[in-house]
$ cat model.txt   # compact mmCIF, C-alpha atoms
# COMPACT_ATOMS: atom_id res chain seq x y z
CA MET A 1256 -2.76 -1.33 22.09
CA LYS A 1257 0.48 0.66 22.09
CA GLN A 1258 2.46 -2.53 21.57
CA THR A 1259 0.25 -3.46 18.61
CA ILE A 1260 0.68 -0.01 17.04
CA ASN A 1261 4.44 -0.19 17.46
CA THR A 1262 4.52 -3.63 15.85
CA ILE A 1263 2.48 -2.47 12.86
CA THR A 1264 4.62 0.64 12.49
CA MET A 1265 7.80 -1.42 12.52
CA PHE A 1266 6.39 -3.74 9.87
CA LEU A 1267 5.38 -0.87 7.58
CA CYS A 1268 8.82 0.70 7.89
CA LEU A 1269 10.50 -2.56 6.96
CA ALA A 1270 8.06 -3.49 4.22
CA SER A 1271 9.59 -1.18 1.64
CA SER A 1272 12.99 -2.71 2.31
CA LEU A 1273 11.80 -6.29 1.84
CA ALA A 1274 9.46 -5.64 -1.06
CA TYR A 1275 11.25 -5.85 -4.39
CA ALA A 1276 14.19 -7.68 -2.82
CA ASP A 1277 15.18 -11.32 -2.88
CA ASP A 1278 16.27 -11.26 0.73
CA MET A 1279 14.29 -12.44 3.74
CA ASP A 1280 16.61 -10.97 6.40
CA VAL A 1281 14.44 -7.90 6.92
CA TRP A 1282 11.29 -9.99 7.30
CA LEU A 1283 13.04 -12.24 9.81
CA SER A 1284 14.30 -9.27 11.79
CA TRP A 1285 10.73 -8.09 12.27
CA LYS A 1286 9.41 -11.53 13.21
CA GLU A 1287 12.24 -12.19 15.65
CA HIS A 1288 11.61 -8.91 17.46
CA SER A 1289 7.91 -8.35 16.86
CA GLY A 1290 7.13 -7.41 20.45
CA TYR A 1291 4.19 -9.79 20.37
CA GLU A 1292 5.09 -13.15 21.89
CA ALA A 1293 2.63 -15.25 19.90
CA SER A 1294 4.14 -14.12 16.58
CA THR A 1295 7.78 -13.95 17.68
CA LEU A 1296 10.03 -16.67 16.32
CA LYS A 1297 12.43 -18.86 18.21
CA ASP A 1298 16.06 -18.14 17.36
CA ILE A 1299 16.93 -21.48 15.78
CA ASN A 1300 16.32 -22.49 12.18
CA LEU A 1301 14.76 -25.98 12.36
CA LYS A 1302 14.95 -26.70 8.64
CA THR A 1303 17.00 -29.89 9.04
CA SER A 1304 14.45 -31.29 11.47
CA TYR A 1305 11.41 -30.41 9.39
CA ILE A 1306 12.41 -31.10 5.77
CA LYS A 1307 11.54 -34.78 6.21
CA HIS A 1308 7.90 -33.64 6.23
CA ASP A 1309 6.02 -33.04 3.00
CA PHE A 1310 5.02 -29.37 2.87
CA SER A 1311 3.28 -29.62 -0.50
CA ASN A 1312 -0.10 -29.58 1.26
CA ILE A 1313 0.82 -26.31 2.97
CA LEU A 1314 2.26 -24.67 -0.17
CA LEU A 1315 -0.73 -25.64 -2.32
CA PRO A 1316 -3.27 -22.86 -1.64
CA LYS A 1317 -6.68 -23.69 -0.23
CA HIS A 1318 -8.18 -20.47 -1.61
CA ASN A 1319 -7.69 -18.42 -4.76
CA PHE A 1320 -4.63 -16.23 -4.77
CA ILE A 1321 -5.10 -12.46 -4.81
CA GLY A 1322 -2.28 -10.61 -6.52
CA TYR A 1323 -0.97 -7.61 -8.39
CA ILE A 1324 1.92 -6.61 -10.60
CA GLU A 1325 3.38 -3.16 -10.89
CA PRO A 1326 2.69 -0.49 -11.90
CA ASP A 1327 -0.57 0.78 -10.43
CA TYR A 1328 -1.60 -2.50 -8.78
CA LYS A 1329 -2.52 -4.20 -12.05
CA ARG A 1330 -4.37 -7.40 -11.19
CA LEU A 1331 -2.31 -10.58 -11.33
CA LYS A 1332 -4.01 -13.96 -11.24
CA ILE A 1333 -1.81 -16.87 -10.17
CA LYS A 1334 -2.93 -20.49 -10.18
CA PHE A 1335 -0.92 -23.50 -9.00
CA THR A 1336 -2.06 -26.71 -10.67
CA SER A 1337 0.52 -28.98 -9.04
CA ILE A 1338 3.09 -28.95 -6.24
CA THR A 1339 5.24 -32.01 -5.57
CA LYS A 1340 8.22 -32.63 -3.34
CA ASN A 1341 11.52 -33.35 -5.04
CA PRO A 1342 12.21 -37.03 -4.22
CA ILE A 1343 15.97 -36.43 -4.33
CA LYS A 1344 16.35 -32.98 -2.77
CA GLU A 1345 14.17 -32.85 0.34
CA ASP A 1346 14.08 -29.08 0.68
CA GLN A 1347 12.82 -28.44 -2.84
CA TYR A 1348 9.32 -28.50 -4.38
CA PHE A 1349 8.33 -28.56 -8.05
CA VAL A 1350 5.56 -26.13 -9.01
CA ILE A 1351 3.38 -26.05 -12.13
CA GLY A 1352 0.86 -23.31 -12.77
CA TYR A 1353 -0.08 -20.29 -14.83
CA SER A 1354 -0.43 -16.51 -14.60
CA ILE A 1355 -2.99 -14.18 -16.12
CA VAL A 1356 -2.59 -10.43 -16.62
CA ASN A 1357 -5.00 -8.51 -18.87
CA ASN A 1358 -6.37 -11.82 -20.22
CA ASN A 1359 -2.85 -12.83 -21.26
CA LYS A 1360 -2.22 -16.32 -19.92
CA CYS A 1361 1.26 -17.79 -19.46
CA ASP A 1362 2.06 -21.28 -18.22
CA PHE A 1363 4.98 -21.64 -15.84
CA GLU A 1364 7.09 -24.27 -14.12
CA GLY A 1365 9.60 -23.79 -11.34
CA THR A 1366 10.73 -24.52 -7.83
CA ILE A 1367 10.33 -23.45 -4.24
CA ASP A 1368 13.44 -24.02 -2.13
CA ILE A 1369 13.01 -24.03 1.64
CA ALA A 1370 15.44 -21.68 3.36
CA GLN A 1371 14.15 -21.71 6.93
CA VAL A 1372 11.53 -23.42 9.06
CA ARG A 1373 10.94 -21.51 12.29
CA GLU A 1374 8.68 -22.15 15.25
CA TYR A 1375 6.83 -19.48 17.22
CA LYS A 1376 7.74 -19.00 20.85
CA GLU A 1377 4.10 -19.32 21.81
CA ILE A 1378 1.31 -21.32 20.17
CA GLU A 1379 -1.88 -19.49 19.22
CA TYR A 1380 -4.75 -21.80 20.05
CA ASP A 1381 -8.29 -21.33 18.82
CA MET A 1382 -10.26 -20.12 21.83
CA ASP A 1383 -13.52 -21.33 20.31
CA LYS A 1384 -14.53 -24.31 22.46
CA SER A 1385 -16.10 -26.01 19.45
CA SER A 1386 -12.79 -26.01 17.60
CA LYS A 1387 -10.66 -29.12 17.38
CA TYR A 1388 -7.51 -27.10 18.05
CA ASN A 1389 -8.32 -25.29 21.29
CA THR A 1390 -6.09 -27.17 23.73
CA LYS A 1391 -2.38 -27.82 24.15
CA SER A 1392 -2.90 -31.51 23.50
CA GLU A 1393 -3.99 -30.81 19.91
CA ILE A 1394 -1.08 -28.63 18.71
CA LYS A 1395 2.57 -29.51 19.36
CA ALA A 1396 4.24 -26.70 17.39
CA GLN A 1397 3.37 -23.79 15.13
CA GLY A 1398 5.40 -21.61 12.84
CA VAL A 1399 6.37 -20.38 9.39
CA LEU A 1400 8.20 -21.81 6.40
CA LEU A 1401 10.36 -19.37 4.45
CA GLY A 1402 11.45 -20.19 0.94
CA ARG A 1403 12.72 -18.77 -2.32
CA TYR A 1404 10.77 -19.35 -5.49
CA LYS A 1405 11.63 -19.13 -9.19
CA PHE A 1406 8.92 -19.76 -11.79
CA ARG A 1407 9.79 -19.66 -15.50
CA GLU A 1408 6.96 -18.89 -17.91
CA ASN A 1409 6.77 -20.52 -21.35
CA LYS A 1410 9.03 -18.51 -23.66
CA ASN A 1411 6.80 -19.32 -26.61
CA GLN A 1412 3.89 -17.41 -25.08
CA LYS A 1413 3.34 -13.66 -25.31
CA PHE A 1414 4.69 -11.31 -22.64
CA SER A 1415 6.35 -14.14 -20.70
CA GLY A 1416 9.08 -13.91 -18.11
CA ILE A 1417 10.36 -15.11 -14.74
CA PHE A 1418 8.83 -14.74 -11.29
CA GLU A 1419 11.22 -14.94 -8.35
CA GLY A 1420 11.30 -13.88 -4.73
CA THR A 1421 10.41 -14.99 -1.22
CA VAL A 1422 7.45 -16.99 0.08
CA SER A 1423 6.20 -17.36 3.65
CA SER A 1424 3.75 -20.16 4.55
CA TYR A 1425 2.13 -20.84 7.91
CA TRP A 1426 1.75 -24.31 9.44
CA PHE A 1427 1.28 -26.22 12.68
CA VAL A 1428 2.07 -29.73 13.90
CA ASP A 1429 -0.84 -31.72 15.29
CA LYS A 1430 -0.77 -34.32 18.07
CA ASN A 1431 0.00 -37.02 15.48
CA ASP A 1432 3.18 -35.21 14.38
CA THR A 1433 1.60 -34.28 11.05
CA VAL A 1434 2.36 -30.88 9.55
CA GLN A 1435 -0.91 -29.11 8.76
CA TYR A 1436 -1.90 -25.99 6.83
CA ASP A 1437 -2.52 -23.31 9.49
CA ASP A 1438 -6.06 -22.06 8.99
CA ILE A 1439 -6.94 -22.10 12.69
CA HIS A 1440 -7.68 -18.37 12.67
CA ASP A 1441 -8.94 -18.00 9.12
CA TYR A 1442 -11.95 -16.10 10.45
CA ALA A 1443 -9.74 -13.27 11.78
CA ASP A 1444 -9.47 -9.98 9.89
CA THR A 1445 -5.69 -10.24 9.71
CA TYR A 1446 -5.53 -13.87 8.57
CA LYS A 1447 -3.38 -14.68 5.55
CA ASN A 1448 -1.23 -17.50 4.23
CA ASN A 1449 1.17 -18.30 1.41
CA GLN A 1450 2.48 -14.78 0.89
CA TYR A 1451 4.67 -14.24 -2.19
CA ALA A 1452 6.81 -11.11 -2.56
CA GLY A 1453 9.22 -10.61 -5.43
CA THR A 1454 9.60 -9.58 -9.04
CA TRP A 1455 8.62 -10.51 -12.56
CA ARG A 1456 11.23 -10.00 -15.30
CA GLN A 1457 10.33 -10.21 -18.96
CA TYR A 1458 12.59 -12.41 -21.06
CA ASP A 1459 15.37 -10.66 -22.99
CA ILE A 1460 14.15 -7.21 -21.97
CA ASN A 1461 15.36 -5.00 -19.15
CA ASN A 1462 11.83 -4.82 -17.74
CA THR A 1463 11.50 -5.85 -14.08
CA LYS A 1464 8.33 -5.25 -12.07
CA GLY A 1465 7.27 -5.99 -8.52
CA ALA A 1466 4.87 -8.93 -8.28
CA TYR A 1467 2.97 -9.94 -5.12
CA TRP A 1468 0.25 -12.42 -4.29
CA GLY A 1469 -1.20 -14.41 -1.41
CA GLU A 1470 -4.23 -16.04 0.14
CA PHE A 1471 -6.80 -13.70 1.74
CA ARG A 1472 -4.38 -10.75 1.67
CA VAL A 1473 -1.64 -9.45 -0.62
CA PRO A 1474 1.74 -8.51 0.84
CA PHE A 1475 2.67 -4.83 0.49
CA SER A 1476 -0.75 -3.97 -0.95
CA GLY A 1477 -0.55 -0.32 0.11
CA SER A 1478 -3.53 1.69 -1.17
CA LEU A 1479 -4.94 -1.28 -3.11
CA ASP A 1480 -6.61 -3.04 -0.19
CA LEU A 1481 -9.31 -1.00 1.57
CA GLY A 1482 -10.89 -3.96 3.33
CA ALA A 1483 -11.15 -4.29 7.09
CA GLY A 1484 -12.62 -7.76 7.56
CA GLU A 1485 -11.43 -9.05 4.18
CA PHE A 1486 -9.57 -7.92 1.06
CA SER A 1487 -11.46 -5.24 -0.85
CA PRO A 1488 -9.88 -3.51 -3.88
CA ASN A 1489 -9.76 0.25 -4.05
CA PRO A 1490 -12.19 1.54 -6.73
CA ARG A 1491 -9.34 3.74 -7.93
CA TYR A 1492 -7.83 0.61 -9.50
CA PHE A 1493 -10.97 -1.01 -10.94
CA ASN A 1494 -9.74 -0.28 -14.47
CA ASN A 1495 -6.61 -2.30 -13.72
CA GLY A 1496 -8.52 -5.56 -13.60
CA TRP A 1497 -10.32 -5.32 -10.24
CA HIS A 1498 -13.78 -4.24 -11.44
CA ASP A 1499 -15.19 -7.79 -11.22
CA PHE A 1500 -13.33 -8.99 -8.13
CA ASN A 1501 -16.43 -9.30 -5.92
CA GLN A 1502 -18.66 -10.74 -8.62
$ encode --input "model.txt" --output "structure tokens"
Amino acid sequence: MKQTINTITMFLCLASSLAYADDMDVWLSWKEHSGYEASTLKDINLKTSYIKHDFSNILLPKHNFIGYIEPDYKRLKIKFTSITKNPIKEDQYFVIGYSIVNNNKCDFEGTIDIAQVREYKEIEYDMDKSSKYNTKSEIKAQGVLLGRYKFRENKNQKFSGIFEGTVSSYWFVDKNDTVQYDDIHDYADTYKNNQYAGTWRQYDINNTKGAYWGEFRVPFSGSLDLGAGEFSPNPRYFNNGWHDFNQ
């Protein structure tokens, strides 16, 4: 328990440094020294070995994104309609989607560029005997993809701008050497995937805001998320677009 508390404390201390910054060094520092073997990364960046795989299936969310934009945790809805691997540049993915804030919808296009692909030192198997992935023979490797994203909204639409920052996506390799979306522990309270942390900058205006979204949980959600077993918005922010979240 003490180890878990120390790990959480370390993460919270580092969160403010990573949030609002286009730099994944702080996040990596925490993951490389987490104190919890199953979530500690191996030292080597295996990007060159893994970029031959198509990660579009991992980067395309399996559940609706939950997100907010500053200030005051204003609800941000992000939808990806297409993700495809660049046939020429193996470490790059083309993204098409749209954002909605206060009923204002903006279409965007952009890229995700893979920076690192790291494996965990230990694999977390599903201990449920009915699960397909509960033995060493079913999972060969497990880890996280780290990338940088830049999505440009349509300049002809109202209140449009540019999203950019860092994304972390979780994956595993099955016994057939296929990279799979890691939802093995999606029943756990702490489960999350495809976590985006960065900024939104309005075109031609010095107006930059923090913007964060992810599956199941939102990175750096602070007082917004009151949920234990699952994300639950704080009633304090219902007037910022969250009043109908559970409907």
$ closest_atom_pairs --input "model.txt" --of "region 1349-1449 of chain A" --to "region 1473-1492 of chain A" --cutoff "8 Å" --atoms "all atoms listed in the file" --output "JSON lines"
{"residue": "A:Ala1443", "atom": "CA", "partner": "A:Gly1484", "partner_atom": "CA", "distance": 7.5}
{"residue": "A:Asp1444", "atom": "CA", "partner": "A:Gly1484", "partner_atom": "CA", "distance": 4.5}
{"residue": "A:Thr1445", "atom": "CA", "partner": "A:Gly1484", "partner_atom": "CA", "distance": 7.7}
$ closest_residue --input "model.txt" --among "A:Tyr1328, A:Tyr1458, A:Phe1310, A:Phe1427" --to "Lys1413 (chain A)" --atoms "only C-alpha atoms"
A:Tyr1458
$ residues_around --input "model.txt" --residues "Pro1316 (chain A)" --least-positions-apart "6" --cutoff "10 Å" --atoms "all atoms listed in the file" --output "PyMOL selection string"
chain A and resi 1334-1336+1338+1424+1436+1448-1449+1469-1470
$ residues_around --input "model.txt" --residues "Asn1300 (chain A)" --least-positions-apart "3" --cutoff "7 Å" --atoms "only C-alpha atoms" --output "list in words"
Gln1371, Val1372 and Arg1373 of chain A
$ residues_near_point --input "model.txt" --point "(0.0, -24.1, 10.0)" --cutoff "8 Å" --atoms "only C-alpha atoms" --output "JSON, numbers by chain"
{"A": [1313, 1397, 1398, 1399, 1424, 1425, 1426, 1427, 1428, 1434, 1435, 1436, 1437, 1438, 1439]}
$ residues_near_point --input "model.txt" --point "(9.3, -16.4, -11.6)" --cutoff "12 Å" --atoms "all atoms listed in the file" --output "PDB file with C-alpha atoms, in the frame of the given file"
ATOM      1  CA  ASP A1277      15.180 -11.320  -2.880  1.00  0.00           C
ATOM      2  CA  ILE A1333      -1.810 -16.870 -10.170  1.00  0.00           C
ATOM      3  CA  VAL A1350       5.560 -26.130  -9.010  1.00  0.00           C
ATOM      4  CA  ILE A1351       3.380 -26.050 -12.130  1.00  0.00           C
ATOM      5  CA  GLY A1352       0.860 -23.310 -12.770  1.00  0.00           C
ATOM      6  CA  TYR A1353      -0.080 -20.290 -14.830  1.00  0.00           C
ATOM      7  CA  SER A1354      -0.430 -16.510 -14.600  1.00  0.00           C
ATOM      8  CA  CYS A1361       1.260 -17.790 -19.460  1.00  0.00           C
ATOM      9  CA  ASP A1362       2.060 -21.280 -18.220  1.00  0.00           C
ATOM     10  CA  PHE A1363       4.980 -21.640 -15.840  1.00  0.00           C
ATOM     11  CA  GLU A1364       7.090 -24.270 -14.120  1.00  0.00           C
ATOM     12  CA  GLY A1365       9.600 -23.790 -11.340  1.00  0.00           C
ATOM     13  CA  THR A1366      10.730 -24.520  -7.830  1.00  0.00           C
ATOM     14  CA  ILE A1367      10.330 -23.450  -4.240  1.00  0.00           C
ATOM     15  CA  ARG A1403      12.720 -18.770  -2.320  1.00  0.00           C
ATOM     16  CA  TYR A1404      10.770 -19.350  -5.490  1.00  0.00           C
ATOM     17  CA  LYS A1405      11.630 -19.130  -9.190  1.00  0.00           C
ATOM     18  CA  PHE A1406       8.920 -19.760 -11.790  1.00  0.00           C
ATOM     19  CA  ARG A1407       9.790 -19.660 -15.500  1.00  0.00           C
ATOM     20  CA  GLU A1408       6.960 -18.890 -17.910  1.00  0.00           C
ATOM     21  CA  ASN A1409       6.770 -20.520 -21.350  1.00  0.00           C
ATOM     22  CA  SER A1415       6.350 -14.140 -20.700  1.00  0.00           C
ATOM     23  CA  GLY A1416       9.080 -13.910 -18.110  1.00  0.00           C
ATOM     24  CA  ILE A1417      10.360 -15.110 -14.740  1.00  0.00           C
ATOM     25  CA  PHE A1418       8.830 -14.740 -11.290  1.00  0.00           C
ATOM     26  CA  GLU A1419      11.220 -14.940  -8.350  1.00  0.00           C
ATOM     27  CA  GLY A1420      11.300 -13.880  -4.730  1.00  0.00           C
ATOM     28  CA  THR A1421      10.410 -14.990  -1.220  1.00  0.00           C
ATOM     29  CA  VAL A1422       7.450 -16.990   0.080  1.00  0.00           C
ATOM     30  CA  TYR A1451       4.670 -14.240  -2.190  1.00  0.00           C
ATOM     31  CA  ALA A1452       6.810 -11.110  -2.560  1.00  0.00           C
ATOM     32  CA  GLY A1453       9.220 -10.610  -5.430  1.00  0.00           C
ATOM     33  CA  THR A1454       9.600  -9.580  -9.040  1.00  0.00           C
ATOM     34  CA  TRP A1455       8.620 -10.510 -12.560  1.00  0.00           C
ATOM     35  CA  ARG A1456      11.230 -10.000 -15.300  1.00  0.00           C
ATOM     36  CA  GLN A1457      10.330 -10.210 -18.960  1.00  0.00           C
ATOM     37  CA  TYR A1458      12.590 -12.410 -21.060  1.00  0.00           C
ATOM     38  CA  THR A1463      11.500  -5.850 -14.080  1.00  0.00           C
ATOM     39  CA  LYS A1464       8.330  -5.250 -12.070  1.00  0.00           C
ATOM     40  CA  GLY A1465       7.270  -5.990  -8.520  1.00  0.00           C
ATOM     41  CA  ALA A1466       4.870  -8.930  -8.280  1.00  0.00           C
ATOM     42  CA  TYR A1467       2.970  -9.940  -5.120  1.00  0.00           C
TER      43      TYR A1467
END
$ atom_distance --input "model.txt" --atom1 "CA of His1318 (chain A)" --atom2 "CA of Phe1471 (chain A)"
7.7 Å
$ closest_residue --input "model.txt" --among "A:Ser1337, A:Phe1414, A:Leu1301, A:Tyr1442" --to "Lys1360 (chain A)" --atoms "only C-alpha atoms"
A:Phe1414
$ residues_around --input "model.txt" --residues "Asp1327 (chain A)" --least-positions-apart "2" --cutoff "9 Å" --atoms "only C-alpha atoms" --output "list in words"
Tyr1323, Ile1324, Glu1325, Lys1329, Leu1479, Tyr1492 and Asn1495 of chain A
$ write_last_selection --input "model.txt" --atoms "C-alpha atoms" --output "PDB file, keeping the file's coordinate frame"
ATOM      1  CA  TYR A1323      -0.970  -7.610  -8.390  1.00  0.00           C
ATOM      2  CA  ILE A1324       1.920  -6.610 -10.600  1.00  0.00           C
ATOM      3  CA  GLU A1325       3.380  -3.160 -10.890  1.00  0.00           C
ATOM      4  CA  LYS A1329      -2.520  -4.200 -12.050  1.00  0.00           C
ATOM      5  CA  LEU A1479      -4.940  -1.280  -3.110  1.00  0.00           C
ATOM      6  CA  TYR A1492      -7.830   0.610  -9.500  1.00  0.00           C
ATOM      7  CA  ASN A1495      -6.610  -2.300 -13.720  1.00  0.00           C
TER       8      ASN A1495
END
$ closest_residue --input "model.txt" --among "A:Asp1429, A:Asn1461, A:Glu1393, A:Glu1379" --to "Thr1295 (chain A)" --atoms "all atoms listed in the file"
A:Glu1379
$ closest_residue --input "model.txt" --among "A:Leu1401, A:Ala1396, A:Ile1460, A:Ile1355" --to "Ile1321 (chain A)" --atoms "only C-alpha atoms"
A:Ile1355
$ build_atoms --input "model.txt" --residues "region 1388-1419 of chain A" --atoms "N, CA and C atoms" --output "compact mmCIF listing (two decimals), keeping the file's coordinate frame"
# COMPACT_ATOMS: atom_id res chain seq x y z
N TYR A 1388 -8.86 -27.51 17.66
CA TYR A 1388 -7.51 -27.10 18.05
C TYR A 1388 -7.53 -26.02 19.12
N ASN A 1389 -8.20 -26.29 20.23
CA ASN A 1389 -8.32 -25.29 21.29
C ASN A 1389 -7.61 -25.69 22.57
N THR A 1390 -6.82 -26.75 22.53
CA THR A 1390 -6.09 -27.17 23.73
C THR A 1390 -4.64 -27.52 23.36
N LYS A 1391 -3.79 -27.51 24.36
CA LYS A 1391 -2.38 -27.82 24.15
C LYS A 1391 -2.16 -29.23 23.65
N SER A 1392 -3.07 -30.13 23.93
CA SER A 1392 -2.90 -31.51 23.50
C SER A 1392 -3.09 -31.69 22.00
N GLU A 1393 -3.69 -30.69 21.33
CA GLU A 1393 -3.99 -30.81 19.91
C GLU A 1393 -2.90 -30.23 19.01
N ILE A 1394 -2.12 -29.28 19.52
CA ILE A 1394 -1.08 -28.63 18.71
C ILE A 1394 0.27 -28.74 19.43
N LYS A 1395 1.25 -29.32 18.75
CA LYS A 1395 2.57 -29.51 19.36
C LYS A 1395 3.54 -28.38 19.00
N ALA A 1396 3.36 -27.79 17.83
CA ALA A 1396 4.24 -26.70 17.39
C ALA A 1396 3.52 -25.90 16.31
N GLN A 1397 3.99 -24.67 16.11
CA GLN A 1397 3.37 -23.79 15.13
C GLN A 1397 4.44 -22.83 14.61
N GLY A 1398 4.37 -22.50 13.34
CA GLY A 1398 5.40 -21.61 12.84
C GLY A 1398 5.24 -21.24 11.38
N VAL A 1399 6.38 -20.88 10.76
CA VAL A 1399 6.37 -20.38 9.39
C VAL A 1399 7.50 -21.03 8.59
N LEU A 1400 7.20 -21.33 7.36
CA LEU A 1400 8.20 -21.81 6.40
C LEU A 1400 8.59 -20.63 5.52
N LEU A 1401 9.87 -20.43 5.33
CA LEU A 1401 10.36 -19.37 4.45
C LEU A 1401 11.13 -20.00 3.30
N GLY A 1402 10.78 -19.61 2.10
CA GLY A 1402 11.45 -20.19 0.94
C GLY A 1402 11.70 -19.17 -0.15
N ARG A 1403 12.47 -19.60 -1.13
CA ARG A 1403 12.72 -18.77 -2.32
C ARG A 1403 12.13 -19.50 -3.52
N TYR A 1404 11.42 -18.75 -4.33
CA TYR A 1404 10.77 -19.35 -5.49
C TYR A 1404 11.34 -18.77 -6.78
N LYS A 1405 11.27 -19.57 -7.84
CA LYS A 1405 11.63 -19.13 -9.19
C LYS A 1405 10.76 -19.89 -10.17
N PHE A 1406 9.85 -19.17 -10.84
CA PHE A 1406 8.92 -19.76 -11.79
C PHE A 1406 9.20 -19.19 -13.18
N ARG A 1407 9.49 -20.07 -14.13
CA ARG A 1407 9.79 -19.66 -15.50
C ARG A 1407 8.57 -19.87 -16.39
N GLU A 1408 8.08 -18.79 -16.99
CA GLU A 1408 6.96 -18.89 -17.91
C GLU A 1408 7.43 -19.41 -19.27
N ASN A 1409 6.49 -19.96 -20.02
CA ASN A 1409 6.77 -20.52 -21.35
C ASN A 1409 7.25 -19.41 -22.29
N LYS A 1410 8.46 -19.54 -22.79
CA LYS A 1410 9.03 -18.51 -23.66
C LYS A 1410 8.28 -18.36 -24.98
N ASN A 1411 7.53 -19.37 -25.35
CA ASN A 1411 6.80 -19.32 -26.61
C ASN A 1411 5.48 -18.57 -26.50
N GLN A 1412 5.13 -18.13 -25.28
CA GLN A 1412 3.89 -17.41 -25.08
C GLN A 1412 4.16 -15.91 -24.96
N LYS A 1413 3.17 -15.11 -25.30
CA LYS A 1413 3.34 -13.66 -25.31
C LYS A 1413 3.59 -13.09 -23.92
N PHE A 1414 4.41 -12.06 -23.87
CA PHE A 1414 4.69 -11.31 -22.64
C PHE A 1414 5.04 -12.25 -21.48
N SER A 1415 5.94 -13.17 -21.72
CA SER A 1415 6.35 -14.14 -20.70
C SER A 1415 7.66 -13.72 -20.05
N GLY A 1416 7.88 -14.26 -18.84
CA GLY A 1416 9.08 -13.91 -18.11
C GLY A 1416 9.30 -14.82 -16.92
N ILE A 1417 9.98 -14.31 -15.91
CA ILE A 1417 10.36 -15.11 -14.74
C ILE A 1417 9.89 -14.43 -13.46
N PHE A 1418 9.18 -15.19 -12.64
CA PHE A 1418 8.83 -14.74 -11.29
C PHE A 1418 9.88 -15.28 -10.32
N GLU A 1419 10.34 -14.45 -9.41
CA GLU A 1419 11.22 -14.94 -8.35
C GLU A 1419 11.15 -14.02 -7.14
